[in-house]
Amino acid sequence: MVIQQKMVGDVLASTILCEHLKIHFPDSEVHYVINDSTLAVVEGNPFVDKIILFEKKNRESKLAFYRFLKSIKKEDYYATIDVYCKLESNLISYFSKADLKISYRKWYSKFIYTHLFSYSHNEKTTLGHAIENRLLLLSPLIKELEKPDLAPKIHLLDSENEEARQFLQEHDVDTSNPIIMVGLLGSQPCKSYPLDYLAKTLDFISEKCPATFLLNYMPDQKDSVTEFLSHCTPKTRNRIREDVFCPSLRSVIGLFGQCNAYIGNEGGCSNISKALGLPNFSIFSPWISKTAWFTFNENSKNQAVHLADFKPEILSIPKKQRKKAAADLYQTFKPIFFQKQLERFIETEVIPNQ
C-alpha cells in the first residue's frame, strides 16, 4: 500500500512508486491511498491495482475515519509506504498490520515504522528532491531500480483523447496554430503569479507566434479571469478562448492532451502537463523550492523560472517569511527577467511541437 493524501502534484509524483513496484514485483498487488479530489490523475493507471479513496467525511468524522481504518486492517499488506507522513497516514500505516512500514523520519511517529528515511538535500539533483525523496522509500524493497529515471504519467484512453479533439472542433478552436494551456492561478494566492504580469507574458508570446490560449481555472474564479483579460492587449485577448471550459478534472486533462505546451504557475497543472509529455514552462512562487519541484530538469521540454534565479539573495529569507511576503516578492519578479528564456522555449519546444 502506497499512501499519498495530498494535492494533484504530489499524487502524480508518487505514482512512480507504484510503477517501480510493478516492474520489480509483477505479481504483486499495489493499492494506492489518495484523496478523492485527486482521482482523475490516477484513473486508468495500469500500475495501480486498487485505488483507495480517502474522502472528506473521513477527515470530518471520527466514526467515519475509524471505519476507514477498520477496512484497511482487513487487508493483508506485506508493506506500507507512507509518503504523506501526517497523523492520518500514520494511523493508516499502524492499522495496516504490514510487516514493513516505511516512511520519513518524524519524531512524533517513529515508533510506528520499521524503516525511516531523512529527506535528501542533493544540490545537483536532476530528478528533483520531490522525486528523489520518494525513491528513497523503495530501498527496503528494491536494492537497485531497473529504470531510475521513470517519470510520472497520466494514462488517457483513446476515447478520452477523441472526445477532447471533438470538443475543440465543436468550439471552433484553430488547431493549425500552437495551442497553449495557461495555468492562470495557483492553488492559493501565495502560489499565483500576478495577473498583470502573466498577461504581459502572454502578450510577449503573442508577438512571437500565432498561438491560441486556453485558460485553466475553476468556475468560482471567473472574476479573476475577467481581471486577467483586462490586462491583456487586444491582440492577445483575441487569441484567448476562455469559453473553452471543461467541468471535470478528467475532461480538463483530456484537453491538456490536445495542447502543444503549458505555460503558467507551477503546481498541479504543470505536473499534469509533464505527465502528459507536454513542453512545460513553469513560474515558481518565491517561497516554493525549485530544487524540490523542478523535476526531470535535464529535459529541455521542462523549463522553469524562480525569482531566486535572478535575485538569489531571497533564499537567505526563511521559507515561512517568504510565504508571508509572497505578494511583495512576486511584484519584484518582472516578466522581462525571463523573456529571453521564454522566447527560446517557444522557438525550440512549442513551434516545432505544433
# chains A, B, ... in the order shown; residues from 1 in each chain; ligands from 1
>>> closest_atom_pairs(of="segment 106-207 of chain A", to="segment 37-49 of chain A", cutoff="12 Å", atoms="only C-alpha atoms", output="JSON lines")
{"residue": "A:Pro152", "atom": "CA", "partner": "A:Val41", "partner_atom": "CA", "distance": 10.1}
{"residue": "A:Lys153", "atom": "CA", "partner": "A:Asn45", "partner_atom": "CA", "distance": 8.2}
{"residue": "A:Ile154", "atom": "CA", "partner": "A:Val41", "partner_atom": "CA", "distance": 6.0}
{"residue": "A:His155", "atom": "CA", "partner": "A:Gly44", "partner_atom": "CA", "distance": 5.7}
{"residue": "A:Leu156", "atom": "CA", "partner": "A:Gly44", "partner_atom": "CA", "distance": 7.0}
{"residue": "A:Leu157", "atom": "CA", "partner": "A:Gly44", "partner_atom": "CA", "distance": 7.7}
{"residue": "A:Asp158", "atom": "CA", "partner": "A:Gly44", "partner_atom": "CA", "distance": 11.4}
{"residue": "A:Glu160", "atom": "CA", "partner": "A:Gly44", "partner_atom": "CA", "distance": 11.2}
>>> residues_around(residues="segment 193-206 of chain A", least_positions_apart="6", cutoff="10 Å", atoms="only C-alpha atoms", output="VMD selection string")
chain A and resid 180 182 to 186 212 to 213 224 to 225 227 to 237 239 to 240 263 to 266 283 to 286 326 to 327 330 to 331 333 to 336 338 to 339 342 to 343 346
>>> residues_around(residues="Lys301 of chain A", least_positions_apart="5", cutoff="12 Å", atoms="only C-alpha atoms", output="list in words")
Asn260, Ala261, Tyr262, Ile263, Ser270, Ser273, Lys274, Ala275, Leu276, Gly277, Leu278, Pro279, Asn280, Phe281, Ser282, Phe294, Thr295, Phe296, Leu342, Arg344, Phe345, Ile346, Glu347, Thr348, Glu349, Val350, Pro352 and Asn353 of chain A
>>> closest_atom_pairs(of="segment 235-327 of chain A", to="segment 215-220 of chain A", cutoff="10 Å", atoms="only C-alpha atoms", output="CSV")
residue,atom,partner,partner_atom,distance
A:Ile240,CA,A:Leu215,CA,7.6
A:Arg241,CA,A:Leu215,CA,7.2
A:Glu242,CA,A:Leu215,CA,5.8
A:Asp243,CA,A:Leu215,CA,8.8
A:Val244,CA,A:Leu215,CA,7.9
A:Phe245,CA,A:Asn216,CA,7.9
A:Cys246,CA,A:Asn216,CA,9.0
A:Pro247,CA,A:Pro219,CA,8.2
A:Ser248,CA,A:Met218,CA,9.7
A:Leu249,CA,A:Met218,CA,9.9
A:Val252,CA,A:Asn216,CA,8.0
A:Leu255,CA,A:Asn216,CA,9.9
A:Phe256,CA,A:Asn216,CA,9.3
A:Gly264,CA,A:Asn216,CA,9.6
A:Cys269,CA,A:Asn216,CA,8.1
>>> closest_atom_pairs(of="segment 242-309 of chain A", to="segment 9-18 of chain A", cutoff="7 Å", atoms="only C-alpha atoms", output="tab-separated table")
residue	atom	partner	partner_atom	distance
A:Gly267	CA	A:Gly9	CA	6.3
A:Gly268	CA	A:Gly9	CA	4.6
A:Asn271	CA	A:Gly9	CA	5.5
